[in-house]
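Have a look at the structure below before the remarks.
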Amino acid sequence: MTDFKRLFYQLANIGNTKAGRNCLAYSSQEDTAHHCFIRQLNALGIPEQIDVWGNTYGTFYPKGTTKQTAVVAIGSHLDSVTNGGVYDGVLGVAAGVAVLQSIIQLDKLLTRPLRIIAWRGEESSRFKISCIGSKGAAGKLSIQETKQFHDSQRNSLYQSVIKRSGPAPSPVERGNCHTLLEMHIEQGPILSHHRQTVSHGRPPIGVVTQRIAGAIRLQIHCSALPIKVIAELILAVHRIALGLDHQQRPFRATFTPIDKPPNIGRDQTLLRCRNEAQAIAAQKQVQSTIQRNGLELILSGPHTFHTGSQPMHMRDGIDQIVAAAQFITSLPDASDIQWPQFMINDSCHLQLDIRGGDSEILNTGLNEIQTTGNQILKHYNSHAHWQIISRTEPAQTTPEIANLLIESANQLSIPVVKMASGAGHDVQVPSVSNRGLVFVASEAGGVSHHNSELTHMADARAGLSVLEQAVYQLLRQ
Ligand SMILES: [Zn+2]
């Protein structure tokens, strides 16, 4: 067994603070993490390569292979959200280095090169665009296009990228990458639940056999508006999303906080409504779903109405606060709470994230939301400017690769759960012929993007063993 734990903590400790890991896209902390990754590669005798986007990688060429032999690649990211967890991304890069470490010793048996990639800027918290490095390397984002993205300090993504540009070609050049793999923390509770209820404490792994969701991020810029119009808009989007969403073709739409004013969530009435909804959820203990006017409101305690510094999926999104307010003001005994009447006098900016299992449902959802939204705004003599900030297409994993991962787990007697991925990942971006995605369990209710994020080493090692076994098979083909 390799010294995975050491490799992992060398990377994970960079940018880590009491409040969480702060290693934002194209920051000096991310640079430090990439330098650490380079030292890990060099320690194994592998030279580093850096492409135009600052993506860092190293390739092991077994004897008998050439620079022209298509590679098997393992890649993930080293950046984090603000106050994020240490596992997201870092687990996958450390697993890659650990696989490399054990594979190098098998040199003579191998017929394909192995490449380990640390992608740049997967998280969107700094520049509001995700998977920057992998999109760039895949030719799905151009250097020119980066000129439109800035962080909250007005630093441009363009400058951030070119400062870190290296001379190496893309690590996933067309025709040069046989298979792209990623191991990642699940970002959901399924595997942790499986361990408790099905696999009797043995760490299971997840193999993504279905789609990896795609996403569109929009900003909606409106003129002065009463808060109730925004509420109507948000509720309409919820209804559309509920109408479209079903198991085979999942669809979700969420308004997330935006760092431009106004912060609607600060209104006292709305906050009071949010708190009361939270109290109701806490009283009921168990998750309850309440249907009202076609709006499905899920009260599940801290997961829906959480306060303080929340993980991404627990945040007080404007939609959650408005939904809570709508619910509370409609209760028969809530006559003392009036729906707030205030105007947002300046301009109003909303951020909307749409996720979908396939491109068609993403397009349908986007159209319906824009049409309905414009109708609502027109009714109140207002209008909005809809701006698509970024788009990541959904992707499928390759059935043969998923089967190989499942077989590898079976050989090692590691329980496997077949899964879909509701979140986006670097592995879905490049147009490679084969791709595979392995999940390892996330504790603390599947929390991600928060410092309470946790993967036990035993779970990480289960994922690593499966990855190692599958890569070994692929390198001998
Ligand atoms: Zn990630």
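Residues in the structure tokens are numbered from 1 in each chain, the chains being A, B, ... in the order shown, and ligands are numbered from 1 in the order shown.
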Test item: residues no farther than 10 Å from ligand 1, counting only C-alpha atoms and all ligand atoms, as a ChimeraX atom specification:
/A:76-81,85,87-92,121-123,130-131,182-187,423-426,448-449
Please extract the residues of region 51-277 of chain A with a backbone DSSP assignment of strand (DSSP E or B) and present them as a PyMOL selection string.
chain A and resi 51+56-60+71-77+84+114-119+150+156+168+177-185+205-212+214-222+225-226+246+249+251-256
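Closest to His193 (chain A) among A:Ile14, A:Val432, A:Leu235, A:Ile205 is A:Ile205, based on only C-alpha atoms.
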I'd like the contact shell of Ser125 (chain A) - 12 Å cut-off, only C-alpha atoms, skipping same-chain residues fewer than 2 positions apart - returned as an mmCIF file with C-alpha atoms, in the first residue's frame.
data_model
loop_
_atom_site.group_PDB
_atom_site.id
_atom_site.type_symbol
_atom_site.label_atom_id
_atom_site.label_comp_id
_atom_site.auth_asym_id
_atom_site.auth_seq_id
_atom_site.Cartn_x
_atom_site.Cartn_y
_atom_site.Cartn_z
ATOM 1 C CA ASN A 22 -9.294 28.498 1.468
ATOM 2 C CA CYS A 23 -7.579 27.661 -1.759
ATOM 3 C CA LEU A 24 -9.511 29.641 -4.352
ATOM 4 C CA ALA A 25 -9.193 29.288 -8.122
ATOM 5 C CA TYR A 26 -5.955 30.861 -9.444
ATOM 6 C CA SER A 27 -4.937 32.122 -5.975
ATOM 7 C CA ASP A 79 -8.766 24.539 -5.429
ATOM 8 C CA SER A 80 -11.620 24.962 -2.954
ATOM 9 C CA VAL A 81 -14.594 27.226 -2.263
ATOM 10 C CA THR A 82 -14.291 29.851 0.490
ATOM 11 C CA ASN A 83 -14.089 27.995 3.833
ATOM 12 C CA GLY A 84 -14.436 24.689 2.042
ATOM 13 C CA GLY A 121 -10.028 26.435 -10.915
ATOM 14 C CA GLU A 122 -12.776 23.813 -10.707
ATOM 15 C CA GLU A 123 -14.797 25.741 -8.114
ATOM 16 C CA PHE A 127 -14.754 33.846 -10.779
ATOM 17 C CA LYS A 128 -18.367 32.543 -10.973
ATOM 18 C CA ILE A 129 -17.385 29.993 -13.593
ATOM 19 C CA SER A 130 -16.590 26.364 -12.839
ATOM 20 C CA CYS A 131 -14.118 23.858 -14.326
ATOM 21 C CA ILE A 132 -11.965 26.618 -15.825
ATOM 22 C CA PHE A 149 -14.760 37.138 -15.807
ATOM 23 C CA HIS A 150 -13.617 39.020 -12.689
ATOM 24 C CA ASP A 151 -13.533 38.273 -8.979
ATOM 25 C CA SER A 152 -15.150 40.533 -6.375
ATOM 26 C CA THR A 256 -28.259 31.361 -4.937
ATOM 27 C CA PRO A 257 -27.026 34.441 -3.095
ATOM 28 C CA ILE A 258 -25.170 36.895 -5.258
ATOM 29 C CA ASP A 259 -22.542 39.228 -3.981
ATOM 30 C CA MET A 312 -23.355 25.520 -0.418
ATOM 31 C CA HIS A 449 -18.203 22.763 0.247
#
Find the residues near Ala168 (chain A): any atom within 8 Å, counting only C-alpha atoms, skip ones fewer than 5 places away on the same chain, and give them as a list in words.
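Returned residues: Gln49, Ile50, Asp51 and Val52 of chain A.
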Written selection (all heavy atoms) as an mmCIF file, in the first residue's frame:
data_model
loop_
_atom_site.group_PDB
_atom_site.id
_atom_site.type_symbol
_atom_site.label_atom_id
_atom_site.label_comp_id
_atom_site.auth_asym_id
_atom_site.auth_seq_id
_atom_site.Cartn_x
_atom_site.Cartn_y
_atom_site.Cartn_z
ATOM 1 N N GLN A 49 4.594 19.045 -16.185
ATOM 2 C CA GLN A 49 4.278 19.835 -17.374
ATOM 3 C C GLN A 49 3.153 20.785 -17.008
ATOM 4 O O GLN A 49 2.255 20.420 -16.230
ATOM 5 C CB GLN A 49 3.847 18.919 -18.523
ATOM 6 C CG GLN A 49 4.998 18.109 -19.108
ATOM 7 C CD GLN A 49 4.562 17.356 -20.345
ATOM 8 O OE1 GLN A 49 3.928 16.317 -20.240
ATOM 9 N NE2 GLN A 49 4.897 17.880 -21.520
ATOM 10 N N ILE A 50 3.198 22.002 -17.542
ATOM 11 C CA ILE A 50 2.165 22.994 -17.239
ATOM 12 C C ILE A 50 1.627 23.538 -18.558
ATOM 13 O O ILE A 50 2.397 23.968 -19.415
ATOM 14 C CB ILE A 50 2.735 24.139 -16.370
ATOM 15 C CG1 ILE A 50 3.260 23.550 -15.047
ATOM 16 C CG2 ILE A 50 1.679 25.216 -16.099
ATOM 17 C CD1 ILE A 50 4.038 24.525 -14.195
ATOM 18 N N ASP A 51 0.309 23.486 -18.732
ATOM 19 C CA ASP A 51 -0.269 23.958 -19.999
ATOM 20 C C ASP A 51 -0.649 25.433 -19.900
ATOM 21 O O ASP A 51 -0.424 26.089 -18.876
ATOM 22 C CB ASP A 51 -1.450 23.056 -20.422
ATOM 23 C CG ASP A 51 -2.709 23.294 -19.588
ATOM 24 O OD1 ASP A 51 -2.695 24.169 -18.691
ATOM 25 O OD2 ASP A 51 -3.721 22.612 -19.831
ATOM 26 N N VAL A 52 -1.256 25.956 -20.954
ATOM 27 C CA VAL A 52 -1.613 27.380 -21.040
ATOM 28 C C VAL A 52 -2.516 27.809 -19.884
ATOM 29 O O VAL A 52 -2.503 28.961 -19.454
ATOM 30 C CB VAL A 52 -2.350 27.628 -22.380
ATOM 31 C CG1 VAL A 52 -2.708 29.086 -22.562
ATOM 32 C CG2 VAL A 52 -1.487 27.165 -23.539
#
Within 10 Å of Pro62 (chain A) using only C-alpha atoms, minus same-chain residues under 5 positions, as a short mmCIF file (atom, residue, chain, number, x, y, z; two decimals) with all heavy atoms, in the first residue's frame:
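Ended up saving to part.cif:
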data_model
loop_
_atom_site.label_atom_id
_atom_site.label_comp_id
_atom_site.auth_asym_id
_atom_site.auth_seq_id
_atom_site.Cartn_x
_atom_site.Cartn_y
_atom_site.Cartn_z
N ILE A 103 2.00 1.97 -9.60
CA ILE A 103 2.05 1.50 -10.99
C ILE A 103 3.49 1.51 -11.53
O ILE A 103 3.88 0.62 -12.30
CB ILE A 103 1.12 2.37 -11.87
CG1 ILE A 103 -0.35 2.01 -11.62
CG2 ILE A 103 1.48 2.30 -13.34
CD1 ILE A 103 -0.76 0.62 -12.04
N ILE A 104 4.27 2.51 -11.12
CA ILE A 104 5.65 2.65 -11.61
C ILE A 104 6.44 1.35 -11.41
O ILE A 104 7.25 0.96 -12.25
CB ILE A 104 6.35 3.84 -10.90
CG1 ILE A 104 5.89 5.14 -11.54
CG2 ILE A 104 7.86 3.72 -10.94
CD1 ILE A 104 6.48 6.39 -10.92
N GLN A 105 6.17 0.67 -10.32
CA GLN A 105 6.91 -0.55 -10.00
C GLN A 105 6.58 -1.71 -10.94
O GLN A 105 7.25 -2.72 -10.95
CB GLN A 105 6.62 -0.97 -8.55
CG GLN A 105 7.04 0.09 -7.57
CD GLN A 105 6.33 -0.04 -6.24
OE1 GLN A 105 5.80 -1.10 -5.91
NE2 GLN A 105 6.33 1.03 -5.46
N LEU A 106 5.49 -1.55 -11.72
CA LEU A 106 5.06 -2.64 -12.60
C LEU A 106 5.47 -2.40 -14.04
O LEU A 106 4.98 -3.05 -14.96
CB LEU A 106 3.54 -2.79 -12.53
CG LEU A 106 2.98 -2.97 -11.12
CD1 LEU A 106 1.47 -2.78 -11.13
CD2 LEU A 106 3.34 -4.34 -10.57
N ASP A 107 6.39 -1.43 -14.22
CA ASP A 107 6.81 -0.94 -15.52
C ASP A 107 6.71 -1.94 -16.67
O ASP A 107 6.00 -1.73 -17.65
CB ASP A 107 8.25 -0.40 -15.40
CG ASP A 107 8.68 0.36 -16.64
OD1 ASP A 107 8.05 0.17 -17.70
OD2 ASP A 107 9.62 1.14 -16.55
N LYS A 108 7.41 -3.09 -16.53
CA LYS A 108 7.57 -4.01 -17.66
C LYS A 108 6.26 -4.61 -18.17
O LYS A 108 6.16 -5.05 -19.30
CB LYS A 108 8.53 -5.14 -17.29
CG LYS A 108 9.96 -4.65 -17.21
CD LYS A 108 10.93 -5.82 -17.05
CE LYS A 108 12.27 -5.31 -16.56
NZ LYS A 108 12.51 -5.59 -15.15
N LEU A 109 5.24 -4.61 -17.30
CA LEU A 109 3.98 -5.25 -17.67
C LEU A 109 3.05 -4.30 -18.43
O LEU A 109 1.99 -4.71 -18.89
CB LEU A 109 3.27 -5.73 -16.40
CG LEU A 109 4.04 -6.74 -15.55
CD1 LEU A 109 3.37 -6.91 -14.20
CD2 LEU A 109 4.13 -8.07 -16.28
N LEU A 110 3.45 -3.02 -18.55
CA LEU A 110 2.49 -2.02 -19.00
C LEU A 110 2.69 -1.62 -20.45
O LEU A 110 3.80 -1.55 -20.95
CB LEU A 110 2.58 -0.77 -18.11
CG LEU A 110 2.52 -1.06 -16.61
CD1 LEU A 110 2.74 0.22 -15.83
CD2 LEU A 110 1.19 -1.70 -16.22
N THR A 111 1.56 -1.35 -21.12
CA THR A 111 1.62 -0.98 -22.54
C THR A 111 1.05 0.42 -22.80
O THR A 111 0.97 0.84 -23.95
CB THR A 111 0.82 -1.99 -23.38
OG1 THR A 111 -0.50 -2.06 -22.86
CG2 THR A 111 1.46 -3.36 -23.36
N ARG A 112 0.63 1.10 -21.75
CA ARG A 112 0.11 2.48 -21.92
C ARG A 112 0.73 3.40 -20.87
O ARG A 112 0.98 2.98 -19.75
CB ARG A 112 -1.41 2.52 -21.68
CG ARG A 112 -2.20 2.15 -22.86
CD ARG A 112 -3.67 2.47 -22.66
NE ARG A 112 -4.41 1.82 -23.71
CZ ARG A 112 -4.41 2.23 -24.96
NH1 ARG A 112 -3.74 3.31 -25.32
NH2 ARG A 112 -5.10 1.59 -25.87
N PRO A 113 0.89 4.69 -21.23
CA PRO A 113 1.36 5.66 -20.23
C PRO A 113 0.24 6.03 -19.25
O PRO A 113 -0.94 5.93 -19.59
CB PRO A 113 1.75 6.88 -21.07
CG PRO A 113 1.77 6.42 -22.50
CD PRO A 113 0.81 5.29 -22.58
N LEU A 114 0.65 6.44 -18.06
CA LEU A 114 -0.31 6.91 -17.04
C LEU A 114 -0.03 8.37 -16.76
O LEU A 114 1.12 8.76 -16.49
CB LEU A 114 -0.16 6.10 -15.74
CG LEU A 114 -1.02 6.59 -14.56
CD1 LEU A 114 -2.51 6.45 -14.87
CD2 LEU A 114 -0.66 5.82 -13.29
N LEU A 475 -3.95 -0.22 -18.26
CA LEU A 475 -2.59 -0.01 -18.74
C LEU A 475 -1.99 -1.26 -19.37
O LEU A 475 -0.95 -1.20 -20.00
CB LEU A 475 -1.68 0.45 -17.58
CG LEU A 475 -1.99 1.82 -16.97
CD1 LEU A 475 -0.99 2.16 -15.88
CD2 LEU A 475 -1.98 2.91 -18.04
#
Excluding Trp119 (chain A) and any residue of its chain fewer than 4 positions from it, enumerate the residues within 7 Å of it, using only C-alpha atoms, and give them as a ChimeraX atom specification.
/A:55-56,75-77,133-134
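Our summary of the geometry notes that CA of Gly58 (chain A) is positioned 28.6 Å from CA of Arg211 (chain A).
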Quick one: pick out all alpha helix (DSSP H) residues within region 92-156 of chain A from a backbone DSSP run and write them as a ChimeraX atom specification.
/A:92-104,132-137
Resulting file, chosen residues, N, CA and C atoms, as a compact mmCIF listing (two decimals), in the first residue's frame:
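The new file part_25.txt reads:
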# COMPACT_ATOMS: atom_id res chain seq x y z
N GLY A 92 -8.93 13.25 -5.01
CA GLY A 92 -8.75 12.68 -6.35
C GLY A 92 -7.33 12.86 -6.87
N VAL A 93 -6.72 14.02 -6.57
CA VAL A 93 -5.35 14.26 -7.03
C VAL A 93 -4.40 13.35 -6.25
N ALA A 94 -4.58 13.29 -4.92
CA ALA A 94 -3.71 12.44 -4.08
C ALA A 94 -3.86 10.98 -4.49
N ALA A 95 -5.09 10.55 -4.81
CA ALA A 95 -5.30 9.17 -5.26
C ALA A 95 -4.54 8.92 -6.56
N GLY A 96 -4.54 9.91 -7.45
CA GLY A 96 -3.80 9.79 -8.70
C GLY A 96 -2.32 9.56 -8.44
N VAL A 97 -1.73 10.37 -7.56
CA VAL A 97 -0.30 10.23 -7.26
C VAL A 97 -0.03 8.86 -6.61
N ALA A 98 -0.94 8.44 -5.74
CA ALA A 98 -0.77 7.14 -5.08
C ALA A 98 -0.82 5.99 -6.09
N VAL A 99 -1.73 6.09 -7.05
CA VAL A 99 -1.81 5.06 -8.10
C VAL A 99 -0.51 5.06 -8.91
N LEU A 100 -0.04 6.24 -9.24
CA LEU A 100 1.21 6.37 -10.00
C LEU A 100 2.35 5.68 -9.25
N GLN A 101 2.41 5.95 -7.95
CA GLN A 101 3.47 5.37 -7.11
C GLN A 101 3.49 3.85 -7.19
N SER A 102 2.31 3.22 -7.16
CA SER A 102 2.32 1.76 -7.19
C SER A 102 2.47 1.21 -8.61
N ILE A 103 2.00 1.97 -9.60
CA ILE A 103 2.05 1.50 -10.99
C ILE A 103 3.49 1.51 -11.53
N ILE A 104 4.27 2.51 -11.12
CA ILE A 104 5.65 2.65 -11.61
C ILE A 104 6.44 1.35 -11.41
N ILE A 132 -12.67 25.72 -14.90
CA ILE A 132 -11.97 26.62 -15.83
C ILE A 132 -10.83 25.87 -16.54
N GLY A 133 -9.99 25.20 -15.75
CA GLY A 133 -8.82 24.52 -16.32
C GLY A 133 -9.22 23.41 -17.28
N SER A 134 -10.20 22.59 -16.89
CA SER A 134 -10.57 21.48 -17.76
C SER A 134 -11.31 21.98 -19.00
N LYS A 135 -12.13 23.03 -18.85
CA LYS A 135 -12.80 23.59 -20.04
C LYS A 135 -11.77 24.15 -21.01
N GLY A 136 -10.78 24.86 -20.46
CA GLY A 136 -9.74 25.44 -21.30
C GLY A 136 -8.97 24.36 -22.04
N ALA A 137 -8.55 23.33 -21.29
CA ALA A 137 -7.75 22.25 -21.89
C ALA A 137 -8.56 21.50 -22.94
Could you tell me how far CA of Ile388 (chain A) lies from CA of Leu218 (chain A), in Å and to one decimal?
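Separating CA of Ile388 (chain A) from CA of Leu218 (chain A) is a distance of 4.4 Å.
Considering the residues A:Ile361, A:Glu453, A:Gly54, A:Arg239 and counting only C-alpha atoms, Ser160 (chain A) has its shortest atom-to-atom contact with A:Gly54.
Restricting the calculation to only C-alpha atoms, the smallest distance between Val161 (chain A) and any of A:Lys147, A:Lys140, A:Arg272, A:Arg174 is found for A:Lys147.
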Rounded to one decimal place, report the CA of Val207 (chain A)-CA of Arg195 (chain A) distance in Å.
14.8 Å
Residues near Ser192 (chain A), cut-off 10 Å, only C-alpha atoms, skip fewer than 2 positions along chain, as JSON, numbers by chain
{"A": [186, 188, 189, 190, 194, 195, 196, 197, 199, 201, 203, 204, 205, 440, 441, 442, 443, 444, 445, 446, 455, 459]}
With distances taken over only C-alpha atoms, which of A:Met457, A:Ala395, A:Ile117, A:Ala253 is nearest to Ile216 (chain A)?
A:Ala253
